[in-house]
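Novice: Contents of protein-v8.txt (compact mmCIF, C-alpha atoms):
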```txt
# COMPACT_ATOMS: atom_id res chain seq x y z
CA MET A 1 0.00 0.00 0.00
CA GLU A 2 1.05 3.57 -0.58
CA LEU A 3 1.51 5.70 2.49
CA LEU A 4 2.44 9.24 3.33
CA VAL A 5 4.43 9.83 6.49
CA THR A 6 4.60 13.36 7.90
CA TYR A 7 6.17 14.34 11.18
CA ASP A 8 6.83 17.17 13.55
CA VAL A 9 9.52 16.51 16.08
CA SER A 10 9.88 19.05 18.85
CA THR A 11 13.31 20.61 18.37
CA VAL A 12 13.28 22.88 21.39
CA THR A 13 16.11 20.83 22.89
CA THR A 14 19.24 19.18 21.50
CA ASP A 15 17.56 15.87 22.30
CA GLY A 16 14.77 16.94 19.95
CA GLU A 17 17.21 17.64 17.15
CA ASN A 18 18.73 14.21 17.62
CA ARG A 19 15.30 12.60 17.53
CA LEU A 20 14.46 14.50 14.35
CA ARG A 21 17.52 13.07 12.65
CA LYS A 22 16.75 9.57 13.88
CA VAL A 23 13.09 9.67 12.82
CA ALA A 24 14.16 10.91 9.37
CA LYS A 25 16.71 8.12 9.19
CA VAL A 26 14.05 5.48 9.95
CA CYS A 27 11.73 6.93 7.31
CA GLU A 28 14.52 6.93 4.75
CA GLY A 29 14.75 3.20 5.19
CA PHE A 30 11.13 2.79 4.09
CA GLY A 31 10.38 5.44 1.51
CA GLN A 32 11.21 8.37 -0.68
CA ARG A 33 11.75 11.73 0.93
CA VAL A 34 9.71 14.36 -0.91
CA GLN A 35 9.88 17.23 1.58
CA LYS A 36 11.92 17.92 4.68
CA SER A 37 9.51 16.02 6.93
CA VAL A 38 7.38 14.15 4.39
CA PHE A 39 8.00 10.69 2.97
CA GLU A 40 6.12 8.63 0.39
CA CYS A 41 6.34 4.92 1.15
CA VAL A 42 5.16 1.75 -0.59
CA LEU A 43 4.91 -0.91 2.12
CA ASN A 44 3.16 -4.14 2.95
CA GLU A 45 1.64 -4.72 6.41
CA ALA A 46 4.76 -6.46 7.72
CA ASP A 47 7.10 -3.63 6.71
CA LEU A 48 4.68 -1.07 8.11
CA GLU A 49 4.76 -2.82 11.45
CA VAL A 50 8.56 -2.85 11.44
CA MET A 51 8.57 0.87 10.61
CA ARG A 52 6.11 1.59 13.45
CA VAL A 53 8.27 -0.25 15.96
CA LYS A 54 11.41 1.60 14.87
CA LEU A 55 9.67 4.99 14.87
CA ARG A 56 8.21 4.49 18.35
CA ARG A 57 11.69 3.61 19.58
CA GLU A 58 13.12 6.94 18.37
CA MET A 59 10.21 9.26 19.12
CA ASP A 60 9.26 11.03 22.31
CA LEU A 61 5.59 10.03 22.10
CA GLY A 62 4.60 12.79 24.51
CA ALA A 63 6.20 15.57 22.49
CA ASP A 64 6.55 14.49 18.86
CA SER A 65 3.86 13.87 16.29
CA LEU A 66 3.92 11.56 13.31
CA ARG A 67 1.05 10.89 10.91
CA ILE A 68 0.73 7.96 8.52
CA TYR A 69 -1.88 8.45 5.77
CA ARG A 70 -2.99 5.55 3.60
CA LEU A 71 -3.11 7.14 0.13
CA ARG A 72 -5.22 6.68 -2.95
CA GLU A 73 -3.24 4.69 -5.48
CA PRO A 74 -1.30 5.25 -7.54
CA ILE A 75 0.07 8.28 -5.66
CA ARG A 76 0.88 10.24 -8.82
CA ARG A 77 -2.71 10.20 -10.04
CA TYR A 78 -3.95 11.86 -6.86
CA LEU A 79 -1.10 14.26 -6.32
CA GLU A 80 -0.62 17.78 -7.56
CA VAL A 81 2.66 19.62 -7.02
CA LEU A 82 2.96 23.41 -7.02
CA GLY A 83 6.49 24.73 -7.39
CA VAL A 84 9.47 22.44 -7.15
CA ASP A 85 8.89 18.67 -7.27
CA ARG A 86 11.72 17.68 -5.03
CA GLN A 87 13.11 14.19 -4.89
CA PHE A 88 15.63 14.24 -2.10
CA ASP A 89 18.66 12.11 -2.59
CA ILE A 90 18.66 9.89 0.46
CA ARG A 91 22.45 9.78 0.38
CA GLU A 92 22.65 13.51 1.02
CA PRO A 93 23.42 14.58 4.57
CA LEU A 94 20.34 15.55 6.54
CA VAL A 95 20.06 19.30 6.80
CA LEU A 96 16.82 20.04 8.60
CA MET B 1 -13.01 15.97 -1.32
CA GLU B 2 -10.46 15.53 1.42
CA LEU B 3 -6.98 16.79 0.71
CA LEU B 4 -3.65 16.93 2.43
CA VAL B 5 -1.46 19.94 1.79
CA THR B 6 2.22 19.74 2.71
CA TYR B 7 4.82 22.35 1.92
CA ASP B 8 8.46 23.25 2.15
CA VAL B 9 9.23 26.89 1.68
CA SER B 10 12.87 27.80 1.31
CA THR B 11 13.71 29.93 4.36
CA VAL B 12 17.29 30.72 3.48
CA THR B 13 16.32 34.38 3.10
CA THR B 14 14.02 36.75 4.98
CA ASP B 15 11.83 36.73 1.87
CA GLY B 16 11.51 32.99 2.34
CA GLU B 17 10.38 33.40 5.93
CA ASN B 18 7.75 35.86 4.79
CA ARG B 19 6.54 33.47 2.10
CA LEU B 20 6.36 30.66 4.66
CA ARG B 21 4.05 32.75 6.80
CA LYS B 22 1.91 33.75 3.84
CA VAL B 23 1.57 30.21 2.50
CA ALA B 24 0.56 29.03 5.98
CA LYS B 25 -1.96 31.83 6.17
CA VAL B 26 -3.55 30.81 2.87
CA CYS B 27 -3.75 27.17 3.98
CA GLU B 28 -5.35 28.19 7.26
CA GLY B 29 -8.17 29.68 5.27
CA PHE B 30 -8.95 26.31 3.72
CA GLY B 31 -8.21 23.65 6.29
CA GLN B 32 -7.09 22.39 9.65
CA ARG B 33 -3.45 22.65 10.56
CA VAL B 34 -2.24 19.29 11.89
CA GLN B 35 1.51 19.82 11.77
CA LYS B 36 3.76 22.80 11.23
CA SER B 37 3.61 22.51 7.44
CA VAL B 38 0.73 20.06 6.99
CA PHE B 39 -2.95 20.89 6.56
CA GLU B 40 -6.01 18.67 6.16
CA CYS B 41 -8.64 20.31 3.96
CA VAL B 42 -12.16 19.42 2.87
CA LEU B 43 -12.79 21.32 -0.37
CA ASN B 44 -14.86 21.25 -3.50
CA GLU B 45 -13.28 21.87 -6.92
CA ALA B 46 -14.12 25.58 -6.86
CA ASP B 47 -12.51 26.17 -3.46
CA LEU B 48 -9.49 24.13 -4.49
CA GLU B 49 -9.02 26.35 -7.51
CA VAL B 50 -9.24 29.47 -5.33
CA MET B 51 -6.66 27.99 -2.97
CA ARG B 52 -4.33 27.15 -5.88
CA VAL B 53 -4.51 30.71 -7.21
CA LYS B 54 -3.78 32.20 -3.78
CA LEU B 55 -0.92 29.79 -3.12
CA ARG B 56 0.74 30.45 -6.47
CA ARG B 57 0.54 34.16 -5.73
CA GLU B 58 2.50 33.75 -2.48
CA MET B 59 4.99 31.07 -3.48
CA ASP B 60 8.30 31.34 -5.25
CA LEU B 61 7.55 28.53 -7.70
CA GLY B 62 11.23 28.09 -8.49
CA ALA B 63 12.29 27.60 -4.87
CA ASP B 64 9.30 26.40 -2.82
CA SER B 65 7.48 23.11 -2.99
CA LEU B 66 3.87 22.37 -2.12
CA ARG B 67 2.11 19.04 -2.52
CA ILE B 68 -1.65 18.45 -2.58
CA TYR B 69 -2.69 14.83 -2.03
CA ARG B 70 -6.25 13.70 -2.66
CA LEU B 71 -6.92 11.42 0.32
CA ARG B 72 -8.95 8.31 0.93
CA GLU B 73 -12.12 9.27 2.73
CA PRO B 74 -12.96 9.69 5.47
CA ILE B 75 -9.47 10.83 6.52
CA ARG B 76 -9.70 9.36 10.01
CA ARG B 77 -10.26 5.84 8.74
CA TYR B 78 -7.02 5.91 6.76
CA LEU B 79 -4.88 7.80 9.22
CA GLU B 80 -2.73 6.54 12.05
CA VAL B 81 -1.06 8.95 14.46
CA LEU B 82 2.02 8.09 16.51
CA GLY B 83 2.72 10.43 19.41
CA VAL B 84 0.82 13.64 19.84
CA ASP B 85 -2.30 14.21 17.73
CA ARG B 86 -2.00 17.93 17.37
CA GLN B 87 -4.86 20.15 16.34
CA PHE B 88 -3.38 23.58 15.99
CA ASP B 89 -5.60 26.44 16.99
CA ILE B 90 -5.69 28.58 13.89
CA ARG B 91 -6.05 31.67 16.03
CA GLU B 92 -2.62 31.09 17.57
CA PRO B 93 0.23 33.19 16.19
CA LEU B 94 2.34 31.38 13.64
CA VAL B 95 5.60 30.28 15.17
CA LEU B 96 7.45 28.35 12.51
```
How does this structure look as structure tokens?
Specialist:
Amino acid sequence: MELLVTYDVSTVTTDGENRLRKVAKVCEGFGQRVQKSVFECVLNEADLEVMRVKLRREMDLGADSLRIYRLREPIRRYLEVLGVDRQFDIREPLVL
Amino acid sequence: MELLVTYDVSTVTTDGENRLRKVAKVCEGFGQRVQKSVFECVLNEADLEVMRVKLRREMDLGADSLRIYRLREPIRRYLEVLGVDRQFDIREPLVL
């Protein structure tokens, strides 16, 4: 299934910045980064569960917020981009 | 239809910061802010067209990136939230 993952990690503290990097890193393992904190993922149920477990491990569940939307498929048919259609290179260093 | 709007506005310059505020302001007129740069909107075609026009007016289309996903409906059935389920009060000042 095609999913959209969006997240806000509280970066008030240095801990928050570290979490932000780690959450991004987990997401990179499962999908394509399309904005700073937005990933498009194509996953089966098993992979989704693995992603959930890894995300929960890195997040502060009382401070951070992550949303997983099950999308209409295929993504491209139901997506409109204004401005730059960014495809982040996942090998680039994370500048957030 | 239910839509998800996500955006990255380049904030390298002061102009960028201003655009970020203006893009957020437009989105607030059409939906519910759920993360810093993510809005859930319920719009008909006419409202969507008005939103597009207003967004294009505020964006630098060569530097900023905004994505509009048509979602499965109802949103809540196809959405999973990890951590905090934030509902921003649109009357709050924008701190981005």
Novice: Neighbouring residues of range 6-16 of chain B were defined as those with any atom within 7 Å, considering only C-alpha atoms; residues of the same chain fewer than 6 positions away were excluded. Please report them as a short mmCIF file (atom, residue, chain, number, x, y, z; two decimals) with C-alpha atoms, in the coordinates of the input.
Specialist:
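Output (result19.cif):
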```
data_model
loop_
_atom_site.label_atom_id
_atom_site.label_comp_id
_atom_site.auth_asym_id
_atom_site.auth_seq_id
_atom_site.Cartn_x
_atom_site.Cartn_y
_atom_site.Cartn_z
CA GLN A 35 9.88 17.23 1.58
CA LYS A 36 11.92 17.92 4.68
CA SER B 37 3.61 22.51 7.44
CA VAL B 38 0.73 20.06 6.99
CA PHE B 39 -2.95 20.89 6.56
CA ALA B 63 12.29 27.60 -4.87
CA ASP B 64 9.30 26.40 -2.82
CA SER B 65 7.48 23.11 -2.99
CA LEU B 66 3.87 22.37 -2.12
CA ARG B 67 2.11 19.04 -2.52
CA ILE B 68 -1.65 18.45 -2.58
#
```
Novice: Quick one: chain B onto chain A, least squares on all Cα paired in order, result as an mmCIF file with C-alpha atoms, in the coordinates of the input?
Specialist:
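The resulting selection.cif:
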```
data_model
loop_
_atom_site.group_PDB
_atom_site.id
_atom_site.type_symbol
_atom_site.label_atom_id
_atom_site.label_comp_id
_atom_site.auth_asym_id
_atom_site.auth_seq_id
_atom_site.Cartn_x
_atom_site.Cartn_y
_atom_site.Cartn_z
ATOM 1 C CA MET B 1 0.003 0.003 -0.022
ATOM 2 C CA GLU B 2 1.073 3.573 -0.580
ATOM 3 C CA LEU B 3 1.519 5.705 2.495
ATOM 4 C CA LEU B 4 2.442 9.242 3.337
ATOM 5 C CA VAL B 5 4.430 9.841 6.492
ATOM 6 C CA THR B 6 4.599 13.368 7.892
ATOM 7 C CA TYR B 7 6.153 14.347 11.183
ATOM 8 C CA ASP B 8 6.832 17.179 13.555
ATOM 9 C CA VAL B 9 9.508 16.516 16.097
ATOM 10 C CA SER B 10 9.853 19.049 18.868
ATOM 11 C CA THR B 11 13.295 20.623 18.397
ATOM 12 C CA VAL B 12 13.255 22.890 21.409
ATOM 13 C CA THR B 13 16.088 20.840 22.908
ATOM 14 C CA THR B 14 19.223 19.193 21.529
ATOM 15 C CA ASP B 15 17.547 15.869 22.309
ATOM 16 C CA GLY B 16 14.766 16.930 19.974
ATOM 17 C CA GLU B 17 17.209 17.658 17.174
ATOM 18 C CA ASN B 18 18.712 14.223 17.633
ATOM 19 C CA ARG B 19 15.281 12.601 17.529
ATOM 20 C CA LEU B 20 14.447 14.537 14.361
ATOM 21 C CA ARG B 21 17.501 13.092 12.667
ATOM 22 C CA LYS B 22 16.744 9.586 13.880
ATOM 23 C CA VAL B 23 13.096 9.678 12.820
ATOM 24 C CA ALA B 24 14.166 10.914 9.378
ATOM 25 C CA LYS B 25 16.701 8.127 9.194
ATOM 26 C CA VAL B 26 14.065 5.492 9.948
ATOM 27 C CA CYS B 27 11.725 6.938 7.311
ATOM 28 C CA GLU B 28 14.515 6.950 4.747
ATOM 29 C CA GLY B 29 14.748 3.223 5.177
ATOM 30 C CA PHE B 30 11.142 2.801 4.087
ATOM 31 C CA GLY B 31 10.390 5.453 1.512
ATOM 32 C CA GLN B 32 11.215 8.397 -0.674
ATOM 33 C CA ARG B 33 11.758 11.752 0.936
ATOM 34 C CA VAL B 34 9.699 14.381 -0.902
ATOM 35 C CA GLN B 35 9.870 17.238 1.581
ATOM 36 C CA LYS B 36 11.888 17.945 4.689
ATOM 37 C CA SER B 37 9.496 16.035 6.948
ATOM 38 C CA VAL B 38 7.381 14.169 4.390
ATOM 39 C CA PHE B 39 8.007 10.700 2.979
ATOM 40 C CA GLU B 40 6.119 8.643 0.399
ATOM 41 C CA CYS B 41 6.345 4.924 1.149
ATOM 42 C CA VAL B 42 5.177 1.762 -0.585
ATOM 43 C CA LEU B 43 4.919 -0.909 2.118
ATOM 44 C CA ASN B 44 3.184 -4.130 2.955
ATOM 45 C CA GLU B 45 1.659 -4.706 6.407
ATOM 46 C CA ALA B 46 4.778 -6.446 7.717
ATOM 47 C CA ASP B 47 7.117 -3.620 6.696
ATOM 48 C CA LEU B 48 4.700 -1.060 8.092
ATOM 49 C CA GLU B 49 4.773 -2.814 11.436
ATOM 50 C CA VAL B 50 8.585 -2.828 11.418
ATOM 51 C CA MET B 51 8.584 0.883 10.614
ATOM 52 C CA ARG B 52 6.114 1.599 13.440
ATOM 53 C CA VAL B 53 8.283 -0.244 15.965
ATOM 54 C CA LYS B 54 11.423 1.614 14.866
ATOM 55 C CA LEU B 55 9.675 4.985 14.879
ATOM 56 C CA ARG B 56 8.219 4.498 18.351
ATOM 57 C CA ARG B 57 11.692 3.617 19.580
ATOM 58 C CA GLU B 58 13.108 6.947 18.364
ATOM 59 C CA MET B 59 10.211 9.275 19.122
ATOM 60 C CA ASP B 60 9.251 11.033 22.307
ATOM 61 C CA LEU B 61 5.589 10.028 22.102
ATOM 62 C CA GLY B 62 4.586 12.781 24.505
ATOM 63 C CA ALA B 63 6.194 15.580 22.494
ATOM 64 C CA ASP B 64 6.536 14.494 18.849
ATOM 65 C CA SER B 65 3.837 13.879 16.299
ATOM 66 C CA LEU B 66 3.914 11.567 13.301
ATOM 67 C CA ARG B 67 1.048 10.899 10.916
ATOM 68 C CA ILE B 68 0.726 7.962 8.517
ATOM 69 C CA TYR B 69 -1.873 8.438 5.777
ATOM 70 C CA ARG B 70 -2.974 5.540 3.600
ATOM 71 C CA LEU B 71 -3.108 7.128 0.138
ATOM 72 C CA ARG B 72 -5.204 6.674 -2.955
ATOM 73 C CA GLU B 73 -3.225 4.686 -5.474
ATOM 74 C CA PRO B 74 -1.274 5.229 -7.545
ATOM 75 C CA ILE B 75 0.078 8.274 -5.678
ATOM 76 C CA ARG B 76 0.876 10.238 -8.825
ATOM 77 C CA ARG B 77 -2.705 10.179 -10.046
ATOM 78 C CA TYR B 78 -3.946 11.835 -6.862
ATOM 79 C CA LEU B 79 -1.105 14.251 -6.322
ATOM 80 C CA GLU B 80 -0.635 17.778 -7.572
ATOM 81 C CA VAL B 81 2.628 19.633 -7.011
ATOM 82 C CA LEU B 82 2.932 23.419 -7.021
ATOM 83 C CA GLY B 83 6.468 24.742 -7.371
ATOM 84 C CA VAL B 84 9.444 22.462 -7.156
ATOM 85 C CA ASP B 85 8.870 18.698 -7.273
ATOM 86 C CA ARG B 86 11.698 17.681 -5.031
ATOM 87 C CA GLN B 87 13.079 14.182 -4.895
ATOM 88 C CA PHE B 88 15.614 14.221 -2.129
ATOM 89 C CA ASP B 89 18.644 12.062 -2.643
ATOM 90 C CA ILE B 90 18.635 9.833 0.395
ATOM 91 C CA ARG B 91 22.407 9.693 0.308
ATOM 92 C CA GLU B 92 22.632 13.433 0.971
ATOM 93 C CA PRO B 93 23.417 14.473 4.540
ATOM 94 C CA LEU B 94 20.369 15.470 6.526
ATOM 95 C CA VAL B 95 20.171 19.217 6.842
ATOM 96 C CA LEU B 96 16.975 19.981 8.693
#
```
Novice: Show me, as a ChimeraX atom specification, the residues of chain B whose atoms get within 6 Å of chain A, using all atoms listed in the file for the distance check.
Specialist: /B:61-62,64-72,78-84
Novice: When you draw a straight line from CA of Asn44 in chain A to CA of Lys22 in chain A, how long is it in Å?
Specialist: 22.2 Å
Novice: CA of Glu2 in chain A and CA of Val23 in chain A, how far apart in Å?
Specialist: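 Distance reported for this atom pair: 19.0 Å.
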Novice: Can you measure CA of Lys54 in chain B to CA of Arg19 in chain B for me? One decimal in Å is fine.
Specialist: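 Interatomic distance here is 11.9 Å.
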